[in-house]
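Visitor: My structure is stored as run-v3.pdb, with PDB, C-alpha atoms and all ligand atoms.
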ATOM      1  CA  MET N  97       0.000   0.000   0.000  1.00  0.00           C
ATOM      2  CA  LYS N  98       1.206   3.535  -0.754  1.00  0.00           C
ATOM      3  CA  LEU N  99       2.513   5.549   2.151  1.00  0.00           C
ATOM      4  CA  LYS N 100      -0.118   8.209   1.540  1.00  0.00           C
ATOM      5  CA  ASP N 101      -2.912   5.623   1.880  1.00  0.00           C
ATOM      6  CA  ARG N 102      -1.637   4.531   5.301  1.00  0.00           C
ATOM      7  CA  ILE N 103      -1.859   8.005   6.847  1.00  0.00           C
ATOM      8  CA  GLU N 104      -5.027   9.887   7.707  1.00  0.00           C
ATOM      9  CA  VAL N 105      -5.398  13.411   9.061  1.00  0.00           C
ATOM     10  CA  MET N 106      -8.583  14.269  10.922  1.00  0.00           C
ATOM     11  CA  GLN N 107      -9.879  16.842  13.376  1.00  0.00           C
ATOM     12  CA  GLY N 108     -11.706  15.741  16.509  1.00  0.00           C
ATOM     13  CA  ASP N 109     -11.612  14.101  19.918  1.00  0.00           C
ATOM     14  CA  ILE N 110      -9.184  11.174  20.040  1.00  0.00           C
ATOM     15  CA  THR N 111     -11.154   9.477  22.849  1.00  0.00           C
ATOM     16  CA  ARG N 112     -13.940   8.689  20.376  1.00  0.00           C
ATOM     17  CA  LEU N 113     -11.830   6.724  17.919  1.00  0.00           C
ATOM     18  CA  LYS N 114     -12.355   3.002  17.503  1.00  0.00           C
ATOM     19  CA  VAL N 115      -8.818   1.966  16.652  1.00  0.00           C
ATOM     20  CA  ASP N 116      -6.404  -0.640  17.987  1.00  0.00           C
ATOM     21  CA  ALA N 117      -4.569   2.029  19.986  1.00  0.00           C
ATOM     22  CA  ILE N 118      -4.772   5.717  20.747  1.00  0.00           C
ATOM     23  CA  VAL N 119      -1.658   7.467  21.990  1.00  0.00           C
ATOM     24  CA  ASN N 120      -1.703   9.529  25.155  1.00  0.00           C
ATOM     25  CA  ALA N 121       0.521  12.607  25.560  1.00  0.00           C
ATOM     26  CA  ALA N 122       1.200  11.660  29.176  1.00  0.00           C
ATOM     27  CA  ASN N 123       3.530  13.064  31.797  1.00  0.00           C
ATOM     28  CA  PRO N 124       6.299  11.001  33.448  1.00  0.00           C
ATOM     29  CA  SER N 125       4.161  10.099  36.485  1.00  0.00           C
ATOM     30  CA  LEU N 126       1.432   8.485  34.316  1.00  0.00           C
ATOM     31  CA  MET N 127      -1.036   9.700  36.929  1.00  0.00           C
ATOM     32  CA  GLY N 128      -3.188  11.691  34.525  1.00  0.00           C
ATOM     33  CA  GLY N 129      -3.291  15.423  33.978  1.00  0.00           C
ATOM     34  CA  GLY N 130      -4.905  18.040  31.804  1.00  0.00           C
ATOM     35  CA  GLY N 131      -5.397  18.237  28.058  1.00  0.00           C
ATOM     36  CA  VAL N 132      -5.627  15.020  26.105  1.00  0.00           C
ATOM     37  CA  ASP N 133      -4.332  13.021  29.086  1.00  0.00           C
ATOM     38  CA  GLY N 134      -7.260  14.153  31.246  1.00  0.00           C
ATOM     39  CA  ALA N 135      -9.725  13.495  28.444  1.00  0.00           C
ATOM     40  CA  ILE N 136      -8.431   9.927  27.964  1.00  0.00           C
ATOM     41  CA  HIS N 137      -8.634   9.053  31.674  1.00  0.00           C
ATOM     42  CA  ARG N 138     -12.096  10.619  32.025  1.00  0.00           C
ATOM     43  CA  ALA N 139     -13.482   8.741  29.038  1.00  0.00           C
ATOM     44  CA  GLY N 140     -11.580   5.504  29.698  1.00  0.00           C
ATOM     45  CA  GLY N 141     -12.439   5.120  33.377  1.00  0.00           C
ATOM     46  CA  PRO N 142     -10.354   3.897  36.361  1.00  0.00           C
ATOM     47  CA  GLN N 143      -8.987   0.736  34.724  1.00  0.00           C
ATOM     48  CA  ILE N 144      -6.391   2.693  32.729  1.00  0.00           C
ATOM     49  CA  LEU N 145      -5.087   4.510  35.814  1.00  0.00           C
ATOM     50  CA  GLU N 146      -4.808   1.203  37.700  1.00  0.00           C
ATOM     51  CA  GLU N 147      -2.649  -0.225  34.927  1.00  0.00           C
ATOM     52  CA  CYS N 148      -0.560   2.963  34.834  1.00  0.00           C
ATOM     53  CA  LYS N 149       0.049   2.696  38.584  1.00  0.00           C
ATOM     54  CA  ALA N 150       1.249  -0.901  38.184  1.00  0.00           C
ATOM     55  CA  ILE N 151       3.675   0.176  35.463  1.00  0.00           C
ATOM     56  CA  ILE N 152       5.035   3.058  37.554  1.00  0.00           C
ATOM     57  CA  ALA N 153       5.468   0.727  40.533  1.00  0.00           C
ATOM     58  CA  LYS N 154       7.864  -1.255  38.312  1.00  0.00           C
ATOM     59  CA  ILE N 155       9.723   1.457  36.383  1.00  0.00           C
ATOM     60  CA  GLY N 156       9.539   4.510  38.687  1.00  0.00           C
ATOM     61  CA  GLN N 157       8.656   7.018  35.993  1.00  0.00           C
ATOM     62  CA  LEU N 158       8.332   7.108  32.239  1.00  0.00           C
ATOM     63  CA  ASP N 159      11.263   8.943  30.673  1.00  0.00           C
ATOM     64  CA  THR N 160      10.690  11.472  27.902  1.00  0.00           C
ATOM     65  CA  GLY N 161      10.483   9.779  24.517  1.00  0.00           C
ATOM     66  CA  LYS N 162       9.596   6.342  25.934  1.00  0.00           C
ATOM     67  CA  ALA N 163       6.250   4.529  25.564  1.00  0.00           C
ATOM     68  CA  VAL N 164       4.194   1.938  27.476  1.00  0.00           C
ATOM     69  CA  ILE N 165       0.855   0.266  26.749  1.00  0.00           C
ATOM     70  CA  THR N 166      -2.328  -0.337  28.761  1.00  0.00           C
ATOM     71  CA  SER N 167      -5.785  -1.489  27.873  1.00  0.00           C
ATOM     72  CA  GLY N 168      -8.323   1.041  26.646  1.00  0.00           C
ATOM     73  CA  GLY N 169     -10.666   0.608  29.623  1.00  0.00           C
ATOM     74  CA  ASN N 170     -14.088   1.924  28.600  1.00  0.00           C
ATOM     75  CA  LEU N 171     -12.775   3.611  25.466  1.00  0.00           C
ATOM     76  CA  PRO N 172     -13.763   2.449  21.986  1.00  0.00           C
ATOM     77  CA  ALA N 173     -10.010   1.996  21.382  1.00  0.00           C
ATOM     78  CA  ALA N 174      -8.633  -1.369  22.496  1.00  0.00           C
ATOM     79  CA  HIS N 175      -5.386   0.028  23.932  1.00  0.00           C
ATOM     80  CA  VAL N 176      -3.768   3.238  25.074  1.00  0.00           C
ATOM     81  CA  ILE N 177      -0.084   3.796  24.354  1.00  0.00           C
ATOM     82  CA  HIS N 178       1.264   6.326  26.847  1.00  0.00           C
ATOM     83  CA  THR N 179       4.268   8.348  25.791  1.00  0.00           C
ATOM     84  CA  VAL N 180       5.945  11.455  27.156  1.00  0.00           C
ATOM     85  CA  GLY N 181       6.808  14.249  24.762  1.00  0.00           C
ATOM     86  CA  PRO N 182       9.456  16.863  25.565  1.00  0.00           C
ATOM     87  CA  VAL N 183       8.716  20.183  27.228  1.00  0.00           C
ATOM     88  CA  TRP N 184       9.767  22.975  24.825  1.00  0.00           C
ATOM     89  CA  HIS N 185      12.770  24.889  26.182  1.00  0.00           C
ATOM     90  CA  GLY N 186      13.615  26.799  23.013  1.00  0.00           C
ATOM     91  CA  GLY N 187      14.908  23.928  20.864  1.00  0.00           C
ATOM     92  CA  GLY N 188      18.401  23.513  22.271  1.00  0.00           C
ATOM     93  CA  GLN N 189      17.633  20.634  24.615  1.00  0.00           C
ATOM     94  CA  GLN N 190      17.146  17.825  22.083  1.00  0.00           C
ATOM     95  CA  GLU N 191      13.438  18.519  21.855  1.00  0.00           C
ATOM     96  CA  ALA N 192      13.194  17.421  18.194  1.00  0.00           C
ATOM     97  CA  LYS N 193      15.017  14.142  18.828  1.00  0.00           C
ATOM     98  CA  LEU N 194      12.893  13.387  21.901  1.00  0.00           C
ATOM     99  CA  LEU N 195       9.639  14.218  20.127  1.00  0.00           C
ATOM    100  CA  ALA N 196      10.591  11.928  17.218  1.00  0.00           C
ATOM    101  CA  GLU N 197      11.385   9.174  19.738  1.00  0.00           C
ATOM    102  CA  ALA N 198       7.952   9.548  21.362  1.00  0.00           C
ATOM    103  CA  TYR N 199       6.364   8.825  17.980  1.00  0.00           C
ATOM    104  CA  THR N 200       8.796   6.083  16.946  1.00  0.00           C
ATOM    105  CA  ASN N 201       8.686   4.242  20.275  1.00  0.00           C
ATOM    106  CA  SER N 202       4.861   4.342  20.231  1.00  0.00           C
ATOM    107  CA  LEU N 203       4.858   2.887  16.721  1.00  0.00           C
ATOM    108  CA  ALA N 204       7.384   0.210  17.703  1.00  0.00           C
ATOM    109  CA  LEU N 205       5.169  -0.858  20.603  1.00  0.00           C
ATOM    110  CA  ALA N 206       2.171  -1.045  18.268  1.00  0.00           C
ATOM    111  CA  SER N 207       4.160  -3.201  15.816  1.00  0.00           C
ATOM    112  CA  GLU N 208       5.365  -5.485  18.597  1.00  0.00           C
ATOM    113  CA  LYS N 209       1.775  -6.051  19.747  1.00  0.00           C
ATOM    114  CA  GLY N 210       0.554  -6.697  16.209  1.00  0.00           C
ATOM    115  CA  LEU N 211      -1.689  -3.619  16.186  1.00  0.00           C
ATOM    116  CA  ARG N 212      -2.980  -2.480  12.830  1.00  0.00           C
ATOM    117  CA  SER N 213      -4.321   1.010  13.545  1.00  0.00           C
ATOM    118  CA  ILE N 214      -3.036   3.775  15.814  1.00  0.00           C
ATOM    119  CA  ALA N 215      -4.105   7.376  16.381  1.00  0.00           C
ATOM    120  CA  PHE N 216      -1.805  10.147  17.630  1.00  0.00           C
ATOM    121  CA  PRO N 217      -2.690  13.480  19.214  1.00  0.00           C
ATOM    122  CA  ASN N 218      -0.348  16.409  18.512  1.00  0.00           C
ATOM    123  CA  ILE N 219       2.119  15.485  21.248  1.00  0.00           C
ATOM    124  CA  SER N 220       3.796  18.346  23.186  1.00  0.00           C
ATOM    125  CA  THR N 221       1.863  21.107  21.390  1.00  0.00           C
ATOM    126  CA  GLY N 222      -0.415  21.912  24.337  1.00  0.00           C
ATOM    127  CA  VAL N 223       0.846  22.616  27.838  1.00  0.00           C
ATOM    128  CA  TYR N 224       4.367  21.474  26.855  1.00  0.00           C
ATOM    129  CA  GLY N 225       4.582  24.429  24.466  1.00  0.00           C
ATOM    130  CA  TYR N 226       6.292  22.899  21.399  1.00  0.00           C
ATOM    131  CA  PRO N 227       5.732  25.200  18.374  1.00  0.00           C
ATOM    132  CA  LYS N 228       3.027  23.595  16.262  1.00  0.00           C
ATOM    133  CA  ARG N 229       4.638  23.826  12.819  1.00  0.00           C
ATOM    134  CA  GLU N 230       7.941  22.377  14.014  1.00  0.00           C
ATOM    135  CA  ALA N 231       6.176  19.640  15.986  1.00  0.00           C
ATOM    136  CA  ALA N 232       4.067  18.657  12.970  1.00  0.00           C
ATOM    137  CA  GLN N 233       7.176  18.381  10.799  1.00  0.00           C
ATOM    138  CA  VAL N 234       8.929  16.181  13.351  1.00  0.00           C
ATOM    139  CA  ALA N 235       5.838  13.987  13.820  1.00  0.00           C
ATOM    140  CA  PHE N 236       5.283  13.537  10.106  1.00  0.00           C
ATOM    141  CA  ARG N 237       8.927  12.732   9.417  1.00  0.00           C
ATOM    142  CA  ALA N 238       9.092  10.196  12.272  1.00  0.00           C
ATOM    143  CA  VAL N 239       5.884   8.441  11.187  1.00  0.00           C
ATOM    144  CA  THR N 240       6.648   8.336   7.461  1.00  0.00           C
ATOM    145  CA  ASP N 241      10.202   7.086   8.081  1.00  0.00           C
ATOM    146  CA  TYR N 242       8.834   4.345  10.330  1.00  0.00           C
ATOM    147  CA  LEU N 243       6.073   3.243   7.970  1.00  0.00           C
ATOM    148  CA  LYS N 244       8.481   2.970   5.031  1.00  0.00           C
ATOM    149  CA  THR N 245      10.310   0.143   6.786  1.00  0.00           C
ATOM    150  CA  HIS N 246       7.490  -1.529   8.770  1.00  0.00           C
ATOM    151  CA  PRO N 247       4.272  -3.218   7.618  1.00  0.00           C
ATOM    152  CA  LEU N 248       2.582  -2.656  11.027  1.00  0.00           C
ATOM    153  CA  PRO N 249       0.776  -0.580  12.016  1.00  0.00           C
ATOM    154  CA  GLU N 250      -0.981  -0.509   8.665  1.00  0.00           C
ATOM    155  CA  ARG N 251      -2.761   2.736   9.382  1.00  0.00           C
ATOM    156  CA  VAL N 252      -1.798   5.880  11.307  1.00  0.00           C
ATOM    157  CA  ILE N 253      -4.276   8.623  12.136  1.00  0.00           C
ATOM    158  CA  PHE N 254      -3.155  12.103  13.152  1.00  0.00           C
ATOM    159  CA  CYS N 255      -6.056  13.280  15.290  1.00  0.00           C
ATOM    160  CA  CYS N 256      -5.761  17.049  15.427  1.00  0.00           C
ATOM    161  CA  PHE N 257      -7.754  19.010  17.964  1.00  0.00           C
ATOM    162  CA  ASP N 258      -7.281  22.657  17.060  1.00  0.00           C
ATOM    163  CA  ASP N 259      -7.681  24.319  13.645  1.00  0.00           C
ATOM    164  CA  LYS N 260      -4.015  25.312  13.331  1.00  0.00           C
ATOM    165  CA  ASN N 261      -2.704  21.770  13.803  1.00  0.00           C
ATOM    166  CA  TYR N 262      -5.341  20.388  11.434  1.00  0.00           C
ATOM    167  CA  GLN N 263      -4.288  22.846   8.743  1.00  0.00           C
ATOM    168  CA  LEU N 264      -0.566  22.086   9.218  1.00  0.00           C
ATOM    169  CA  TYR N 265      -1.088  18.318   9.014  1.00  0.00           C
ATOM    170  CA  GLN N 266      -3.273  18.568   5.924  1.00  0.00           C
ATOM    171  CA  GLU N 267      -0.503  20.523   4.188  1.00  0.00           C
ATOM    172  CA  LEU N 268       2.067  17.902   5.154  1.00  0.00           C
ATOM    173  CA  LEU N 269      -0.141  15.049   3.920  1.00  0.00           C
ATOM    174  CA  GLN N 270      -0.627  16.752   0.563  1.00  0.00           C
ATOM    175  CA  ASN N 271       3.137  17.040   0.177  1.00  0.00           C
ATOM    176  CA  ILE N 272       3.830  13.300   0.443  1.00  0.00           C
ATOM    177  CA  LYS N 273       5.348  12.275  -2.858  1.00  0.00           C
ATOM    178  CA  ASP N 274       4.344   8.640  -3.448  1.00  0.00           C
TER
HETATM  179  P1  LIG N 301       1.327  18.126  26.065  1.00  0.00           P
HETATM  180  O1  LIG N 301       1.539  18.209  27.551  1.00  0.00           O
HETATM  181  O2  LIG N 301       2.074  16.972  25.419  1.00  0.00           O
HETATM  182  O3  LIG N 301       1.527  19.420  25.368  1.00  0.00           O
HETATM  183  P2  LIG N 301      -1.595  18.440  25.902  1.00  0.00           P
HETATM  184  O4  LIG N 301      -2.636  17.455  26.241  1.00  0.00           O
HETATM  185  O5  LIG N 301      -1.536  19.712  26.673  1.00  0.00           O
HETATM  186  O6  LIG N 301      -0.202  17.655  25.946  1.00  0.00           O
HETATM  187  O7  LIG N 301      -1.717  18.826  24.376  1.00  0.00           O
HETATM  188  C1  LIG N 301      -1.380  17.951  23.309  1.00  0.00           C
HETATM  189  C2  LIG N 301      -2.342  18.174  22.165  1.00  0.00           C
HETATM  190  O8  LIG N 301      -3.557  17.454  22.426  1.00  0.00           O
HETATM  191  C3  LIG N 301      -2.747  19.623  21.961  1.00  0.00           C
HETATM  192  O9  LIG N 301      -2.601  19.943  20.571  1.00  0.00           O
HETATM  193  C4  LIG N 301      -4.213  19.644  22.388  1.00  0.00           C
HETATM  194  O10 LIG N 301      -4.947  20.599  21.641  1.00  0.00           O
HETATM  195  C5  LIG N 301      -4.645  18.246  22.031  1.00  0.00           C
HETATM  196  N1  LIG N 301      -5.873  17.720  22.671  1.00  0.00           N
HETATM  197  C6  LIG N 301      -6.479  18.106  23.829  1.00  0.00           C
HETATM  198  N2  LIG N 301      -7.575  17.350  24.058  1.00  0.00           N
HETATM  199  C7  LIG N 301      -7.676  16.462  23.026  1.00  0.00           C
HETATM  200  C8  LIG N 301      -8.596  15.432  22.662  1.00  0.00           C
HETATM  201  N3  LIG N 301      -9.650  15.121  23.426  1.00  0.00           N
HETATM  202  N4  LIG N 301      -8.377  14.741  21.503  1.00  0.00           N
HETATM  203  C9  LIG N 301      -7.300  15.019  20.733  1.00  0.00           C
HETATM  204  N5  LIG N 301      -6.392  15.972  21.015  1.00  0.00           N
HETATM  205  C10 LIG N 301      -6.580  16.691  22.146  1.00  0.00           C
END
As structure tokens, how would this structure be written, given the file I've shared?

Guide:
Amino acid sequence: MKLKDRIEVMQGDITRLKVDAIVNAANPSLMGGGGVDGAIHRAGGPQILEECKAIIAKIGQLDTGKAVITSGGNLPAAHVIHTVGPVWHGGGQQEAKLLAEAYTNSLALASEKGLRSIAFPNISTGVYGYPKREAAQVAFRAVTDYLKTHPLPERVIFCCFDDKNYQLYQELLQNIKD
């Protein structure tokens, strides 16, 4: 399948998507928070938080760029992949590399579990303050590079929430060559 046919850009609430996994822009404690993290825990119910607590009991905290998986609780999605994006400090603290890793490690976990569809929010572009255009470029590059060399996940959805991100991602999708 062509790369372009494996990527979808949409605008909406990620908690409503019936996919194999949605990705959570979590914080290192995995204890929930605001933004998309809060929305996922509210919609998914207490089961997700219980699983997050068990993970943290084992690993202490989730480092920036890393990813772990739980069930989807009451969500339509079967699983939640929790990853931590970088806080924007101006670009000189490896933010681009860490943001790319958050995407790539989430995709690698999906592949490992045999998941076929995954939806990403615009990681780090809320409270963490990453400039939206730069974040979209990093996300798109990380996902397209990964898909070129991996058959799974078959399908990646960029679930944009605000108008600006939606517009940026649509532009990037139109620019895919093959
Ligand atoms: P971060 O701390 O990584 O910046 P945020 O949750 O603050 O995480 O923001 C990440 C992105 O998620 C932002 O672009 C925000 O607009 C978006 N967002 C917030 N709620 C939802 C939702 N229900 N579905 C999809 N995206 C959401």

Visitor: What's around Ala198 in chain N at 10 Å? Count all atoms listed in the file, leave out sequence neighbours fewer than 3 positions away in its own chain, and write the answer as a list in words.

Guide: Val119, Ala121, Asp159, Thr160, Gly161, Lys162, Ala163, His178, Thr179, Val180, Gly181, Pro182, Ala192, Lys193, Leu194, Leu195, Asn201, Ser202, Leu203, Ile219, Ser220, Ala235 and Ala238 of chain N

Visitor: Select from chain N every residue with an atom at most 6 Å from any atom of ligand LIG 301 (chain N), then for each give the shortest pair of atoms and their distance in Å to one decimal, using all atoms listed in the file, rows by chain and rising number, as a tab-separated table.

Guide:
residue	atom	partner	partner_atom	distance
N:Asp109	CA	N:LIG301	N4	3.7
N:Ile110	CA	N:LIG301	N4	3.9
N:Thr111	CA	N:LIG301	N3	5.9
N:Ala121	CA	N:LIG301	O2	4.6
N:Gly131	CA	N:LIG301	O4	3.4
N:Val132	CA	N:LIG301	N2	3.7
N:Asp133	CA	N:LIG301	O4	5.5
N:Ala135	CA	N:LIG301	N3	5.3
N:Gly181	CA	N:LIG301	O2	5.5
N:Pro217	CA	N:LIG301	N5	4.8
N:Asn218	CA	N:LIG301	C2	4.5
N:Ile219	CA	N:LIG301	O2	4.4
N:Ser220	CA	N:LIG301	O2	3.1
N:Thr221	CA	N:LIG301	O3	4.3
N:Gly222	CA	N:LIG301	O3	3.3
N:Val223	CA	N:LIG301	O5	3.9
N:Tyr224	CA	N:LIG301	O3	3.8
N:Gly225	CA	N:LIG301	O3	5.9
N:Cys255	CA	N:LIG301	C9	5.8
N:Cys256	CA	N:LIG301	N5	5.7
N:Phe257	CA	N:LIG301	N5	4.5
N:Asp258	CA	N:LIG301	O10	5.5

Visitor: The PyMOL selection byres (((chain N and resi 273) around 12) and not hetatm) on the file shown: which residues, as a list of chain:residue names?

Guide: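 Written out, the selection comes to N:Lys98, N:Leu99, N:Lys100, N:Asp101, N:Thr240, N:Leu268, N:Leu269, N:Gln270, N:Asn271, N:Ile272, N:Asp274.
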
Visitor: Which residue out of N:Gly210, N:Gly129, N:Gly168, N:Pro227 has the minimum interatomic distance to Leu248 in chain N when only C-alpha atoms are used?

Guide: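 Closest candidate: N:Gly210.
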
Visitor: Take every atom of range 259-271 of chain N listed in the file, pad by 5 Å on each side, and give me the axis-aligned box centre and edge lengths in Å, one decimal, as lines of an AutoDock Vina configuration file.

Guide:
center_x = -2.3
center_y = 20.2
center_z = 7.0
size_x = 20.8
size_y = 20.3
size_z = 23.6

Visitor: For His175 in chain N, please output as a list of chain:residue names all residues within 7 Å (counting all atoms listed in the file; exclusion window: fewer than 4 positions along the same chain).

Guide: N:Asp116, N:Ala117, N:Ile118, N:Ile165, N:Thr166, N:Ser167, N:Gly168

Visitor: I need the residues from that last selection saved to file as a compact mmCIF listing (two decimals), in the frame of the given file (with C-alpha atoms), if you can.

Guide:
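The resulting file, part-v4.txt, is reproduced below:
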# COMPACT_ATOMS: atom_id res chain seq x y z
CA ASP N 116 -6.40 -0.64 17.99
CA ALA N 117 -4.57 2.03 19.99
CA ILE N 118 -4.77 5.72 20.75
CA ILE N 165 0.86 0.27 26.75
CA THR N 166 -2.33 -0.34 28.76
CA SER N 167 -5.78 -1.49 27.87
CA GLY N 168 -8.32 1.04 26.65

Visitor: What is the CA of Gly128 in chain N-CA of Lys154 in chain N distance in Å, reported with one decimal?

Guide: 17.4 Å

Visitor: Please measure the separation of CA of Leu264 in chain N and CA of Arg229 in chain N, giving the value in Å to one decimal.

Guide: 6.6 Å

Visitor: Between N:Ala231, N:Ile155, N:Ala139, N:Ala215, which one has atoms that come closest to Val252 in chain N, using all atoms listed in the file?

Guide: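 Among N:Ala231, N:Ile155, N:Ala139, N:Ala215, it is N:Ala215 that comes nearest to Val252 in chain N.
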
Visitor: What gap, in Å, lies between CA of Val115 in chain N and CA of Ala174 in chain N?

Guide: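 Taking CA of Val115 in chain N as the start and CA of Ala174 in chain N as the end point, the length is 6.7 Å.
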
Visitor: Excluding Tyr265 in chain N and residues on its chain fewer than 3 positions from it, collect all residues at most 8 Å away from it, counting all atoms listed in the file, and give them as a VMD selection string.

Guide: chain N and resid 105 232 254 261 to 262 268 to 269

Visitor: Can you give me, as a list in words, the residues this file yields under the PyMOL selection byres (((chain N and resi 157) around 9) and not hetatm)?

Guide: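 Matching residues under the PyMOL selection byres (((chain N and resi 157) around 9) and not hetatm) are Asn123, Pro124, Ser125, Leu126, Ile151, Ile152, Ala153, Lys154, Ile155, Gly156, Leu158 and Asp159 of chain N.
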
Visitor: Between N:Gln143, N:Asn120, N:Thr200, N:Ser213, which has the minimum distance to Val176 in chain N (counting all atoms listed in the file)?

Guide: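 Closest to Val176 in chain N of all the choices is N:Asn120.
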
Visitor: So, with all atoms listed in the file as the atoms that count, which of N:Lys114, N:Tyr242, N:Gln233, N:Gln190 lies closest to Gln266 in chain N?

Guide: N:Gln233
